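Enquirer: This is input-v2.csv (CSV, C-alpha atoms).
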chain,number,residue,atom,x,y,z
A,1,MET,CA,0.0,0.0,0.0
A,2,HIS,CA,2.9,2.4,0.8
A,3,VAL,CA,4.3,1.8,-2.7
A,4,CYS,CA,0.9,2.5,-4.3
A,5,ILE,CA,0.6,5.8,-2.4
A,6,ALA,CA,4.2,6.8,-3.3
A,7,ILE,CA,3.6,6.2,-7.0
A,8,LEU,CA,0.3,8.0,-6.9
A,9,SER,CA,1.9,11.0,-5.1
A,10,VAL,CA,4.6,11.2,-7.7
A,11,LEU,CA,2.0,11.2,-10.6
A,12,LEU,CA,0.0,13.9,-8.9
A,13,LEU,CA,3.0,16.1,-8.2
A,14,SER,CA,4.1,16.0,-11.8
A,15,PRO,CA,2.2,19.2,-12.8
A,16,ILE,CA,4.8,21.3,-10.9
A,17,VAL,CA,7.0,22.7,-13.6
A,18,VAL,CA,10.3,24.6,-13.1
A,19,TYR,CA,11.2,26.6,-16.2
A,20,ALA,CA,14.2,28.8,-17.0
A,21,GLN,CA,14.1,32.3,-18.4
A,22,SER,CA,16.4,33.5,-21.2
A,23,SER,CA,16.9,37.0,-22.7
A,24,GLN,CA,15.9,36.3,-26.4
A,25,ALA,CA,13.0,38.5,-27.6
A,26,SER,CA,12.1,39.5,-24.0
A,27,VAL,CA,10.0,42.4,-22.8
A,28,VAL,CA,9.2,43.3,-19.2
A,29,VAL,CA,6.2,45.6,-18.7
A,30,ARG,CA,6.3,47.1,-15.3
A,31,ASN,CA,3.6,48.8,-13.3
A,32,VAL,CA,0.5,47.4,-15.0
A,33,LEU,CA,-2.9,46.2,-13.9
A,34,VAL,CA,-4.1,42.6,-14.3
A,35,PHE,CA,-7.1,40.9,-12.7
A,36,SER,CA,-6.4,39.1,-9.5
A,37,ASP,CA,-7.6,35.7,-8.3
A,38,VAL,CA,-11.0,37.0,-7.2
A,39,GLY,CA,-11.9,37.8,-10.8
A,40,ASN,CA,-12.8,41.5,-10.7
A,41,GLU,CA,-10.1,43.0,-8.5
A,42,LEU,CA,-7.3,44.8,-10.4
A,43,VAL,CA,-3.8,44.6,-8.9
A,44,HIS,CA,-0.6,46.3,-9.8
A,45,THR,CA,2.1,43.9,-11.0
A,46,ASN,CA,4.9,43.2,-13.6
A,47,VAL,CA,4.7,41.0,-16.7
A,48,LEU,CA,7.5,39.2,-18.5
A,49,VAL,CA,6.8,38.4,-22.2
A,50,LYS,CA,9.3,36.3,-24.0
A,51,ASP,CA,9.1,35.0,-27.6
A,52,GLY,CA,5.5,36.1,-27.8
A,53,ARG,CA,4.4,34.2,-24.7
A,54,VAL,CA,3.7,35.4,-21.1
A,55,GLN,CA,6.3,33.7,-19.0
A,56,HIS,CA,5.8,35.3,-15.6
A,57,ILE,CA,3.3,37.5,-13.8
A,58,GLY,CA,4.3,39.0,-10.5
A,59,ALA,CA,6.0,41.9,-8.7
A,60,ASP,CA,9.2,39.9,-8.9
A,61,ALA,CA,9.2,39.3,-12.7
A,62,PRO,CA,12.8,38.7,-13.7
A,63,ILE,CA,14.6,41.0,-16.2
A,64,PRO,CA,16.7,38.9,-18.6
A,65,VAL,CA,19.9,40.5,-19.9
A,66,GLY,CA,19.1,42.6,-23.0
A,67,ALA,CA,15.4,42.7,-22.4
A,68,THR,CA,13.3,45.7,-23.2
A,69,VAL,CA,11.8,47.3,-20.1
A,70,ILE,CA,8.6,49.3,-20.4
A,71,ASP,CA,6.8,51.4,-17.8
A,72,GLY,CA,3.1,50.6,-18.1
A,73,GLY,CA,2.1,53.7,-16.1
A,74,GLY,CA,-0.6,51.8,-14.2
A,75,SER,CA,-2.5,50.8,-17.3
A,76,LEU,CA,-4.5,47.6,-17.9
A,77,PHE,CA,-2.3,45.0,-19.6
A,78,SER,CA,-3.5,42.7,-22.4
A,79,LEU,CA,-2.7,41.3,-25.7
A,80,SER,CA,-4.9,41.9,-28.7
A,81,ALA,CA,-5.9,39.3,-31.3
A,82,ASP,CA,-3.0,40.2,-33.6
A,83,GLY,CA,-0.5,39.7,-30.7
A,84,SER,CA,0.4,43.3,-30.0
A,85,ILE,CA,0.6,44.6,-26.4
A,86,ASN,CA,-2.2,46.9,-25.3
A,87,LEU,CA,-2.0,49.3,-22.4
A,88,LYS,CA,-5.4,50.8,-21.6
A,89,PRO,CA,-5.3,53.7,-19.2
A,90,LEU,CA,-7.8,53.5,-16.3
A,91,ARG,CA,-7.7,56.8,-14.6
A,92,GLN,CA,-11.3,56.8,-13.3
A,93,HIS,CA,-13.9,54.3,-12.1
A,94,VAL,CA,-11.5,51.4,-12.0
A,95,SER,CA,-13.9,49.4,-9.8
A,96,ASN,CA,-16.7,49.7,-12.4
A,97,TYR,CA,-14.6,48.7,-15.4
A,98,GLU,CA,-16.0,45.7,-17.2
A,99,PRO,CA,-13.2,43.6,-18.8
A,100,ASN,CA,-13.5,42.6,-22.5
A,101,ALA,CA,-13.1,39.0,-23.8
A,102,THR,CA,-9.4,39.4,-23.9
A,103,THR,CA,-8.8,40.5,-20.4
A,104,ARG,CA,-11.7,38.8,-18.5
A,105,SER,CA,-10.2,36.3,-16.0
A,106,GLU,CA,-10.9,34.2,-13.0
A,107,SER,CA,-7.2,34.4,-11.9
A,108,VAL,CA,-3.9,35.9,-12.9
A,109,SER,CA,-2.9,32.4,-14.1
A,110,VAL,CA,-5.8,32.4,-16.5
A,111,VAL,CA,-4.7,35.7,-17.9
A,112,ALA,CA,-1.3,34.2,-18.5
A,113,THR,CA,-2.8,31.1,-20.2
A,114,ARG,CA,-4.9,33.2,-22.6
A,115,MET,CA,-2.2,35.6,-23.5
A,116,ALA,CA,0.5,32.9,-23.9
A,117,SER,CA,-1.1,31.8,-27.2
A,118,ALA,CA,-0.6,35.2,-28.9
A,119,ASP,CA,2.5,36.4,-30.7
A,120,LEU,CA,4.4,39.4,-29.3
A,121,GLY,CA,3.8,41.7,-32.3
A,122,ASN,CA,5.5,45.0,-32.9
A,123,VAL,CA,7.0,46.2,-29.6
A,124,ALA,CA,7.6,49.7,-31.1
A,125,SER,CA,3.8,50.2,-31.4
A,126,VAL,CA,3.3,49.8,-27.7
A,127,PRO,CA,2.1,53.1,-26.2
A,128,ALA,CA,4.8,53.0,-23.5
A,129,ARG,CA,5.4,56.2,-21.4
A,130,ALA,CA,9.0,55.4,-20.9
A,131,GLN,CA,11.7,52.8,-21.5
A,132,GLY,CA,14.5,51.9,-19.2
A,133,THR,CA,14.3,51.7,-15.4
A,134,ALA,CA,10.8,52.1,-14.0
A,135,PRO,CA,9.5,52.1,-10.4
A,136,GLN,CA,9.0,48.7,-9.0
A,137,ALA,CA,5.4,47.7,-8.5
A,138,ALA,CA,4.2,46.8,-5.0
A,139,ASP,CA,4.7,43.3,-3.9
A,140,ASP,CA,1.8,40.9,-3.9
A,141,ASN,CA,0.0,40.8,-0.5
A,142,LEU,CA,1.1,37.2,0.3
A,143,ALA,CA,0.1,37.6,3.9
A,144,ALA,CA,-3.5,37.9,2.8
A,145,LYS,CA,-3.3,35.2,0.2
A,146,VAL,CA,-1.9,32.5,2.5
A,147,VAL,CA,-5.1,32.6,4.6
A,148,ASP,CA,-7.3,32.4,1.5
A,149,PRO,CA,-7.9,28.8,0.4
A,150,THR,CA,-9.0,30.0,-3.0
A,151,ALA,CA,-5.7,31.9,-3.7
A,152,PRO,CA,-3.8,30.3,-6.7
A,153,LEU,CA,-0.5,29.9,-4.9
A,154,LYS,CA,2.0,27.2,-5.8
A,155,THR,CA,3.3,26.1,-2.4
A,156,VAL,CA,5.2,23.3,-0.6
A,157,THR,CA,4.4,23.3,3.1
A,158,PHE,CA,6.2,21.5,5.9
A,159,GLN,CA,4.6,21.6,9.3
A,160,ASN,CA,4.9,19.7,12.6
A,161,LYS,CA,1.9,19.0,14.8
A,162,PHE,CA,2.8,18.2,18.4
A,163,ALA,CA,0.1,17.0,20.8
A,164,PRO,CA,1.5,17.1,24.3
A,165,SER,CA,-1.7,15.6,25.8
A,166,LEU,CA,-4.5,13.3,24.6
A,167,TRP,CA,-8.0,12.7,25.9
A,168,GLY,CA,-8.1,9.7,28.3
A,169,ILE,CA,-4.5,8.7,27.6
A,170,ASN,CA,-1.4,9.9,29.5
A,171,ASP,CA,0.8,10.1,26.4
A,172,GLU,CA,1.7,12.4,23.6
A,173,GLU,CA,1.7,12.3,19.8
A,174,ASN,CA,3.7,14.0,17.0
A,175,GLN,CA,2.9,14.2,13.3
A,176,ALA,CA,4.9,15.8,10.4
A,177,ASP,CA,2.9,16.9,7.4
A,178,THR,CA,4.0,17.7,3.8
A,179,GLN,CA,1.4,19.5,1.7
A,180,VAL,CA,1.7,20.6,-1.9
A,181,GLY,CA,-0.6,23.2,-3.5
A,182,ILE,CA,-0.9,23.2,-7.3
A,183,PRO,CA,-3.0,25.9,-9.1
A,184,LEU,CA,-4.3,24.6,-12.5
A,185,HIS,CA,-6.3,25.9,-15.4
A,186,PHE,CA,-8.8,23.3,-16.6
A,187,LEU,CA,-11.9,23.5,-18.8
A,188,GLY,CA,-11.8,27.3,-18.8
A,189,ARG,CA,-11.7,27.5,-15.0
A,190,ALA,CA,-9.1,28.1,-12.3
A,191,ASN,CA,-8.5,24.9,-10.3
A,192,ILE,CA,-6.5,24.2,-7.2
A,193,MET,CA,-5.2,20.8,-6.1
A,194,ARG,CA,-3.7,20.1,-2.7
A,195,ILE,CA,-2.1,16.9,-1.6
A,196,THR,CA,-1.3,16.3,2.1
A,197,MET,CA,1.0,13.5,3.2
A,198,PRO,CA,1.1,13.1,7.0
A,199,TYR,CA,3.8,11.1,8.8
A,200,LEU,CA,3.4,9.9,12.4
A,201,THR,CA,6.7,10.1,14.2
A,202,SER,CA,5.2,9.0,17.5
A,203,SER,CA,1.7,7.9,18.8
A,204,ALA,CA,0.1,6.5,21.9
A,205,LEU,CA,-0.4,3.2,20.2
A,206,GLY,CA,3.2,3.0,19.0
A,207,HIS,CA,2.2,3.5,15.3
A,208,ARG,CA,4.8,5.2,13.1
A,209,GLY,CA,5.0,5.9,9.4
A,210,LEU,CA,2.8,7.3,6.6
A,211,SER,CA,-0.8,8.0,7.6
A,212,ASP,CA,-3.8,8.7,5.4
A,213,VAL,CA,-2.9,10.8,2.4
A,214,GLY,CA,-5.5,13.5,1.6
A,215,ILE,CA,-6.2,14.8,-2.0
A,216,LEU,CA,-8.3,17.9,-2.5
A,217,HIS,CA,-9.3,19.3,-5.9
A,218,ILE,CA,-11.6,22.3,-6.2
A,219,VAL,CA,-12.9,24.5,-9.0
A,220,LEU,CA,-13.3,28.2,-8.5
A,221,PHE,CA,-16.3,30.3,-9.6
A,222,PRO,CA,-15.3,33.9,-8.8
A,223,LYS,CA,-18.2,36.4,-8.4
A,224,LYS,CA,-18.4,40.0,-7.5
A,225,TRP,CA,-19.7,39.1,-4.0
A,226,GLY,CA,-17.1,36.3,-3.3
A,227,THR,CA,-15.6,33.0,-4.6
A,228,PRO,CA,-17.7,29.8,-4.3
A,229,VAL,CA,-15.9,26.5,-4.9
A,230,VAL,CA,-16.9,23.0,-5.6
A,231,GLY,CA,-14.8,19.9,-6.0
A,232,ALA,CA,-13.9,16.5,-4.5
A,233,VAL,CA,-11.8,15.2,-1.6
A,234,ALA,CA,-10.3,11.7,-1.3
A,235,SER,CA,-8.4,9.8,1.4
A,236,LEU,CA,-5.9,7.0,0.7
A,237,GLY,CA,-5.4,5.2,3.9
A,238,VAL,CA,-2.7,2.8,5.0
A,239,ASN,CA,-3.6,-0.8,5.8
A,240,LYS,CA,-5.6,-0.9,9.1
A,241,GLY,CA,-6.4,-4.6,9.1
A,242,PRO,CA,-8.5,-7.1,7.1
A,243,ASP,CA,-11.8,-5.9,5.7
A,244,ILE,CA,-11.3,-2.3,6.9
A,245,ASP,CA,-11.8,0.5,4.3
A,246,THR,CA,-8.6,2.3,3.3
A,247,PHE,CA,-10.1,4.6,0.6
A,248,ALA,CA,-12.8,7.2,0.9
A,249,ILE,CA,-14.1,10.0,-1.4
A,250,GLY,CA,-16.7,12.7,-1.3
A,251,PRO,CA,-17.7,16.2,-2.3
A,252,ALA,CA,-16.1,19.4,-1.2
A,253,VAL,CA,-17.9,22.8,-1.2
A,254,GLY,CA,-17.3,26.2,0.2
A,255,ALA,CA,-17.2,30.0,-0.3
A,256,VAL,CA,-14.7,32.7,0.5
A,257,PHE,CA,-15.4,36.4,0.9
A,258,LYS,CA,-13.2,39.4,1.3
A,259,LYS,CA,-13.8,42.8,2.8
A,260,GLU,CA,-10.8,45.2,3.2
A,261,LYS,CA,-8.3,43.3,5.4
A,262,TRP,CA,-10.8,40.6,6.4
A,263,THR,CA,-11.1,37.1,4.7
A,264,TYR,CA,-13.9,34.9,5.9
A,265,GLY,CA,-16.1,32.0,4.7
A,266,ILE,CA,-16.9,28.4,5.2
A,267,PHE,CA,-15.5,25.1,3.8
A,268,SER,CA,-16.9,21.6,4.0
A,269,GLN,CA,-15.1,18.3,3.1
A,270,ASN,CA,-17.0,15.0,3.2
A,271,LEU,CA,-15.5,11.5,3.1
A,272,PHE,CA,-17.5,8.2,2.5
A,273,SER,CA,-16.4,4.6,2.0
A,274,GLY,CA,-18.4,1.4,1.6
A,275,ASP,CA,-18.8,0.5,5.2
A,276,ASP,CA,-16.4,2.2,7.7
A,277,ILE,CA,-16.0,5.9,6.8
A,278,ALA,CA,-18.7,8.5,6.8
A,279,THR,CA,-17.4,11.9,8.1
A,280,SER,CA,-18.0,15.6,7.4
A,281,GLN,CA,-15.5,18.3,8.2
A,282,LEU,CA,-16.7,21.9,8.6
A,283,GLN,CA,-14.0,24.5,8.5
A,284,PRO,CA,-14.8,28.1,9.4
A,285,ILE,CA,-12.6,30.7,7.7
A,286,LEU,CA,-11.8,34.0,9.5
A,287,ALA,CA,-8.6,35.9,9.0
A,288,TYR,CA,-7.2,39.4,9.4
A,289,THR,CA,-4.3,40.8,7.4
A,290,ILE,CA,-2.2,43.2,9.6
A,291,ASN,CA,0.2,44.1,6.9
A,292,LYS,CA,2.0,42.6,3.9
A,293,LYS,CA,4.1,40.4,6.2
A,294,ILE,CA,1.7,39.3,9.0
A,295,SER,CA,-1.8,37.8,9.1
A,296,VAL,CA,-3.7,36.2,11.9
A,297,ALA,CA,-6.3,33.5,11.2
A,298,PHE,CA,-8.8,31.4,13.1
A,299,GLY,CA,-6.6,28.5,12.1
A,300,ASP,CA,-7.1,25.2,10.5
A,301,GLN,CA,-10.1,24.3,12.6
A,302,GLN,CA,-11.7,21.1,11.2
A,303,PHE,CA,-15.0,20.4,13.1
A,304,THR,CA,-15.5,16.7,12.4
A,305,TYR,CA,-18.8,14.9,12.5
A,306,ASP,CA,-18.8,11.1,12.4
A,307,TRP,CA,-22.1,9.9,10.8
A,308,LYS,CA,-21.4,6.3,12.0
A,309,ARG,CA,-21.2,7.4,15.6
A,310,ASP,CA,-23.8,10.2,15.1
A,311,ARG,CA,-21.8,12.8,17.0
A,312,PHE,CA,-19.0,15.3,16.7
A,313,VAL,CA,-15.6,13.7,17.3
A,314,LEU,CA,-13.4,16.8,16.9
A,315,LEU,CA,-14.1,20.4,17.9
A,316,PRO,CA,-10.8,22.3,17.8
A,317,VAL,CA,-10.5,26.0,18.8
A,318,GLY,CA,-7.3,28.0,18.3
A,319,PHE,CA,-5.5,30.6,16.1
A,320,GLN,CA,-2.6,30.8,13.7
A,321,VAL,CA,-0.1,33.5,13.0
A,322,ASN,CA,1.6,33.8,9.6
A,323,TYR,CA,4.7,35.7,8.8
A,324,ILE,CA,6.1,36.3,5.2
A,325,ALA,CA,9.8,36.5,4.9
A,326,ARG,CA,12.0,36.7,1.8
A,327,PHE,CA,15.4,35.1,1.3
A,328,GLY,CA,16.6,36.8,-1.8
A,329,LYS,CA,13.7,36.5,-4.2
A,330,GLN,CA,12.3,33.4,-2.5
A,331,PRO,CA,9.2,34.2,-0.3
A,332,VAL,CA,8.7,31.9,2.7
A,333,ARG,CA,5.7,31.7,5.0
A,334,PHE,CA,6.3,30.8,8.6
A,335,LEU,CA,3.4,29.7,10.7
A,336,PHE,CA,2.6,29.0,14.4
A,337,GLY,CA,-0.7,27.9,15.8
A,338,PRO,CA,-1.9,26.5,19.1
A,339,GLN,CA,-5.1,24.5,19.2
A,340,TYR,CA,-7.4,23.0,21.9
A,341,ASN,CA,-9.9,20.3,21.2
A,342,ILE,CA,-13.0,20.9,23.4
A,343,LYS,CA,-14.5,17.5,22.5
A,344,ASN,CA,-13.5,14.8,25.0
A,345,GLU,CA,-13.2,11.8,22.7
A,346,PHE,CA,-11.0,9.0,24.0
A,347,GLY,CA,-7.6,8.9,22.3
A,348,SER,CA,-8.1,12.2,20.4
A,349,ARG,CA,-5.6,15.1,20.7
A,350,LYS,CA,-6.3,17.6,23.5
A,351,TRP,CA,-3.7,20.3,22.8
A,352,THR,CA,-1.9,20.6,19.4
A,353,ILE,CA,1.0,23.0,18.7
A,354,THR,CA,1.5,23.5,15.0
A,355,THR,CA,4.7,25.0,13.6
A,356,GLY,CA,6.1,25.1,10.1
A,357,PHE,CA,7.0,26.9,6.9
A,358,ALA,CA,6.0,27.0,3.3
A,359,LEU,CA,7.9,27.8,0.1
A,360,ILE,CA,5.9,30.0,-2.2
A,361,LEU,CA,7.0,29.1,-5.7
A,362,PRO,CA,6.7,31.2,-8.9
What does this structure look like when you write it as structure tokens?

Expert:
Amino acid sequence: MHVCIAILSVLLLSPIVVYAQSSQASVVVRNVLVFSDVGNELVHTNVLVKDGRVQHIGADAPIPVGATVIDGGGSLFSLSADGSINLKPLRQHVSNYEPNATTRSESVSVVATRMASADLGNVASVPARAQGTAPQAADDNLAAKVVDPTAPLKTVTFQNKFAPSLWGINDEENQADTQVGIPLHFLGRANIMRITMPYLTSSALGHRGLSDVGILHIVLFPKKWGTPVVGAVASLGVNKGPDIDTFAIGPAVGAVFKKEKWTYGIFSQNLFSGDDIATSQLQPILAYTINKKISVAFGDQQFTYDWKRDRFVLLPVGFQVNYIARFGKQPVRFLFGPQYNIKNEFGSRKWTITTGFALILP
């Protein structure tokens, strides 16, 4: 079973692509507006176009040697049908601007996908205000994005969950998790896949090794009032004995809303198997972004209801602090969160201290 899980994990992680940038036929358009992951919010950023294809969108877009650098002057960035770069000034009523078919997008990654198929066109015809060195656009607000489960971030997260006390057992437990987040574009929609691989380093029953691998895939439907999501969740369990289910699957639904520095919403994951597994996890989302480096969230609270037992088996309460640091051009998220389970269920964790970090990949 461990071999099957390892093979499946490798196949699912294959969409992560690392690509190199070169300087041939490269143009960097700085200080432009593109539509963010919520679909109708315009954000300032930089865009690298190479060989007629969008290679990078972000405040840290690299500048290859010999590239042409253009100041977009805060204009809306798009490519026309003939492949030429368009910069449309939006001096007034930006919030009421209705994007056309070329610029409409559910996420920044969708903008890149649509523009990547066009040729570069005549760079000389771009209505640029200046060439050469331009002011650097503001960094993306990663502190707000890391607390938004609908944000299209490519991440690799390592976290440790230490439980110094358990209900009904005088013992402790420790679990190390690896989670990979992969934003995708499929069937004209922004998608997000997350794979979580927990590893028990110690437990009250003496069990050690790989635990149930979780796979979540959601599709985003951004609206002006928020971002509803639908998808599926699956659990690939290790061998728990003869005639005990090790695979479960079910629907996942939710919605995320934003208002100024607040992010809030609800998320539900449901797992069912033939005989043994029937659970629903309800996760409230509530977070506040203090600045571009620090955000505070209600935490990863998974209220779990077991339909077989007809009761809640997990009711955690806690918080989580996130800090965004940069090592060179590499952004890293550090996290810390204590959690207390108010449900006295024999053998379940009472206190859990979560620490970890996440690499945010381009």

Enquirer: Do a neighbour search on stretch 207-224 of chain A at 7 Å with only C-alpha atoms, toss out local chain neighbours closer than 2 positions, and write the hits as an MDAnalysis selection string.

Expert: chainID A and resid 38:40 106 189:203 205 226:238

Enquirer: Keeping C-alpha atoms for every residue in the selection just given, could you write it to a file as a PDB file, in the frame of the given file?

Expert:
ATOM      1  CA  VAL A  38     -11.000  37.000  -7.200  1.00  0.00           C
ATOM      2  CA  GLY A  39     -11.900  37.800 -10.800  1.00  0.00           C
ATOM      3  CA  ASN A  40     -12.800  41.500 -10.700  1.00  0.00           C
ATOM      4  CA  GLU A 106     -10.900  34.200 -13.000  1.00  0.00           C
ATOM      5  CA  ARG A 189     -11.700  27.500 -15.000  1.00  0.00           C
ATOM      6  CA  ALA A 190      -9.100  28.100 -12.300  1.00  0.00           C
ATOM      7  CA  ASN A 191      -8.500  24.900 -10.300  1.00  0.00           C
ATOM      8  CA  ILE A 192      -6.500  24.200  -7.200  1.00  0.00           C
ATOM      9  CA  MET A 193      -5.200  20.800  -6.100  1.00  0.00           C
ATOM     10  CA  ARG A 194      -3.700  20.100  -2.700  1.00  0.00           C
ATOM     11  CA  ILE A 195      -2.100  16.900  -1.600  1.00  0.00           C
ATOM     12  CA  THR A 196      -1.300  16.300   2.100  1.00  0.00           C
ATOM     13  CA  MET A 197       1.000  13.500   3.200  1.00  0.00           C
ATOM     14  CA  PRO A 198       1.100  13.100   7.000  1.00  0.00           C
ATOM     15  CA  TYR A 199       3.800  11.100   8.800  1.00  0.00           C
ATOM     16  CA  LEU A 200       3.400   9.900  12.400  1.00  0.00           C
ATOM     17  CA  THR A 201       6.700  10.100  14.200  1.00  0.00           C
ATOM     18  CA  SER A 202       5.200   9.000  17.500  1.00  0.00           C
ATOM     19  CA  SER A 203       1.700   7.900  18.800  1.00  0.00           C
ATOM     20  CA  LEU A 205      -0.400   3.200  20.200  1.00  0.00           C
ATOM     21  CA  GLY A 226     -17.100  36.300  -3.300  1.00  0.00           C
ATOM     22  CA  THR A 227     -15.600  33.000  -4.600  1.00  0.00           C
ATOM     23  CA  PRO A 228     -17.700  29.800  -4.300  1.00  0.00           C
ATOM     24  CA  VAL A 229     -15.900  26.500  -4.900  1.00  0.00           C
ATOM     25  CA  VAL A 230     -16.900  23.000  -5.600  1.00  0.00           C
ATOM     26  CA  GLY A 231     -14.800  19.900  -6.000  1.00  0.00           C
ATOM     27  CA  ALA A 232     -13.900  16.500  -4.500  1.00  0.00           C
ATOM     28  CA  VAL A 233     -11.800  15.200  -1.600  1.00  0.00           C
ATOM     29  CA  ALA A 234     -10.300  11.700  -1.300  1.00  0.00           C
ATOM     30  CA  SER A 235      -8.400   9.800   1.400  1.00  0.00           C
ATOM     31  CA  LEU A 236      -5.900   7.000   0.700  1.00  0.00           C
ATOM     32  CA  GLY A 237      -5.400   5.200   3.900  1.00  0.00           C
ATOM     33  CA  VAL A 238      -2.700   2.800   5.000  1.00  0.00           C
TER      34      VAL A 238
END

Enquirer: Can you tell me which residues surround A:Phe272 at a distance of at most 12 Å, considering only C-alpha atoms, apart from same-chain residues fewer than 5 positions away, and format the answer as a VMD selection string?

Expert: chain A and resid 232 to 236 245 to 252 277 to 281 306 to 308

Enquirer: What does the distance between atom CA of A:Lys350 and atom CA of A:Phe158 come to in Å, to one decimal place?

Expert: 21.9 Å

Enquirer: If I take atom CA of A:Thr155 and atom CA of A:Val69, how far is one from the other in Å, to one decimal?

Expert: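 So the two atoms, atom CA of A:Thr155 and atom CA of A:Val69, lie 28.9 Å apart.
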
Enquirer: Which polymer residues have any atom within 10 Å of an atom of A:Lys343, counting all atoms listed in the file, with same-chain residues fewer than 2 positions away left out, as a list in words?

Expert: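 Result of the neighbour search: Trp167, Phe303, Phe312, Val313, Leu314, Leu315, Pro316, Tyr340, Asn341, Glu345, Phe346, Ser348, Arg349 and Lys350 of chain A.
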
Enquirer: As an exercise, work out the distance from atom CA of A:Pro149 to atom CA of A:Phe298 in Å and give it to one decimal place.

Expert: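 Rounded to one decimal, the two atoms are 13.0 Å apart.
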
Enquirer: Quick one: of A:Lys154, A:Lys88, A:Arg326, A:Lys258, who's nearest to A:Thr289, counting all atoms listed in the file?

Expert: A:Lys258

Enquirer: Which of these residues is nearest to A:Ile324, using only C-alpha atoms: A:Pro89, A:Ser165, A:Asp71, A:Lys145?

Expert: A:Lys145

Enquirer: Quick one: of A:Phe334, A:Asp51, A:Val32, A:Tyr323, who's nearest to A:Gly74, counting all atoms listed in the file?

Expert: A:Val32

Enquirer: Give the answer as one residue: which of A:Val253, A:Ile244, A:Ile353, A:Val47 has the shortest atom-to-atom distance to A:Ala163, using all atoms listed in the file?

Expert: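 Of A:Val253, A:Ile244, A:Ile353, A:Val47, the one nearest A:Ala163, counting all atoms listed in the file, is A:Ile353.
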
Enquirer: So which one's closest to A:His185, A:Ser268, A:Gln339, A:Val54, A:Pro152? Using all atoms listed in the file, please.

Expert: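 Nearest candidate to A:His185 out of A:Ser268, A:Gln339, A:Val54, A:Pro152: A:Pro152.
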
Enquirer: Would you mind completing stretch 312-326 of chain A to N, CA and C atoms and writing the output as a CSV table (one decimal), in the frame of the given file?

Expert:
chain,number,residue,atom,x,y,z
A,312,PHE,N,-20.2,14.7,16.9
A,312,PHE,CA,-19.0,15.3,16.7
A,312,PHE,C,-17.9,14.6,17.4
A,313,VAL,N,-16.7,14.4,16.7
A,313,VAL,CA,-15.6,13.7,17.3
A,313,VAL,C,-14.4,14.6,17.5
A,314,LEU,N,-14.5,15.8,16.9
A,314,LEU,CA,-13.4,16.8,16.9
A,314,LEU,C,-13.9,18.2,16.9
A,315,LEU,N,-13.6,19.0,17.9
A,315,LEU,CA,-14.1,20.4,17.9
A,315,LEU,C,-12.9,21.3,18.4
A,316,PRO,N,-12.0,21.5,17.5
A,316,PRO,CA,-10.8,22.3,17.8
A,316,PRO,C,-11.1,23.8,17.8
A,317,VAL,N,-10.4,24.5,18.7
A,317,VAL,CA,-10.5,26.0,18.8
A,317,VAL,C,-9.1,26.5,19.0
A,318,GLY,N,-8.7,27.5,18.2
A,318,GLY,CA,-7.3,28.0,18.3
A,318,GLY,C,-7.1,29.2,17.3
A,319,PHE,N,-5.9,29.5,17.0
A,319,PHE,CA,-5.5,30.6,16.1
A,319,PHE,C,-4.2,30.3,15.5
A,320,GLN,N,-3.9,31.0,14.4
A,320,GLN,CA,-2.6,30.8,13.7
A,320,GLN,C,-2.1,32.2,13.3
A,321,VAL,N,-0.8,32.3,13.4
A,321,VAL,CA,-0.1,33.5,13.0
A,321,VAL,C,0.8,33.2,11.8
A,322,ASN,N,0.8,34.0,10.8
A,322,ASN,CA,1.6,33.8,9.6
A,322,ASN,C,2.5,35.0,9.4
A,323,TYR,N,3.7,34.7,9.0
A,323,TYR,CA,4.7,35.7,8.8
A,323,TYR,C,5.4,35.4,7.4
A,324,ILE,N,5.4,36.4,6.6
A,324,ILE,CA,6.1,36.3,5.2
A,324,ILE,C,7.5,36.9,5.3
A,325,ALA,N,8.5,36.1,5.0
A,325,ALA,CA,9.8,36.5,4.9
A,325,ALA,C,10.4,36.3,3.5
A,326,ARG,N,11.4,37.0,3.1
A,326,ARG,CA,12.0,36.7,1.8
A,326,ARG,C,13.5,36.5,2.0
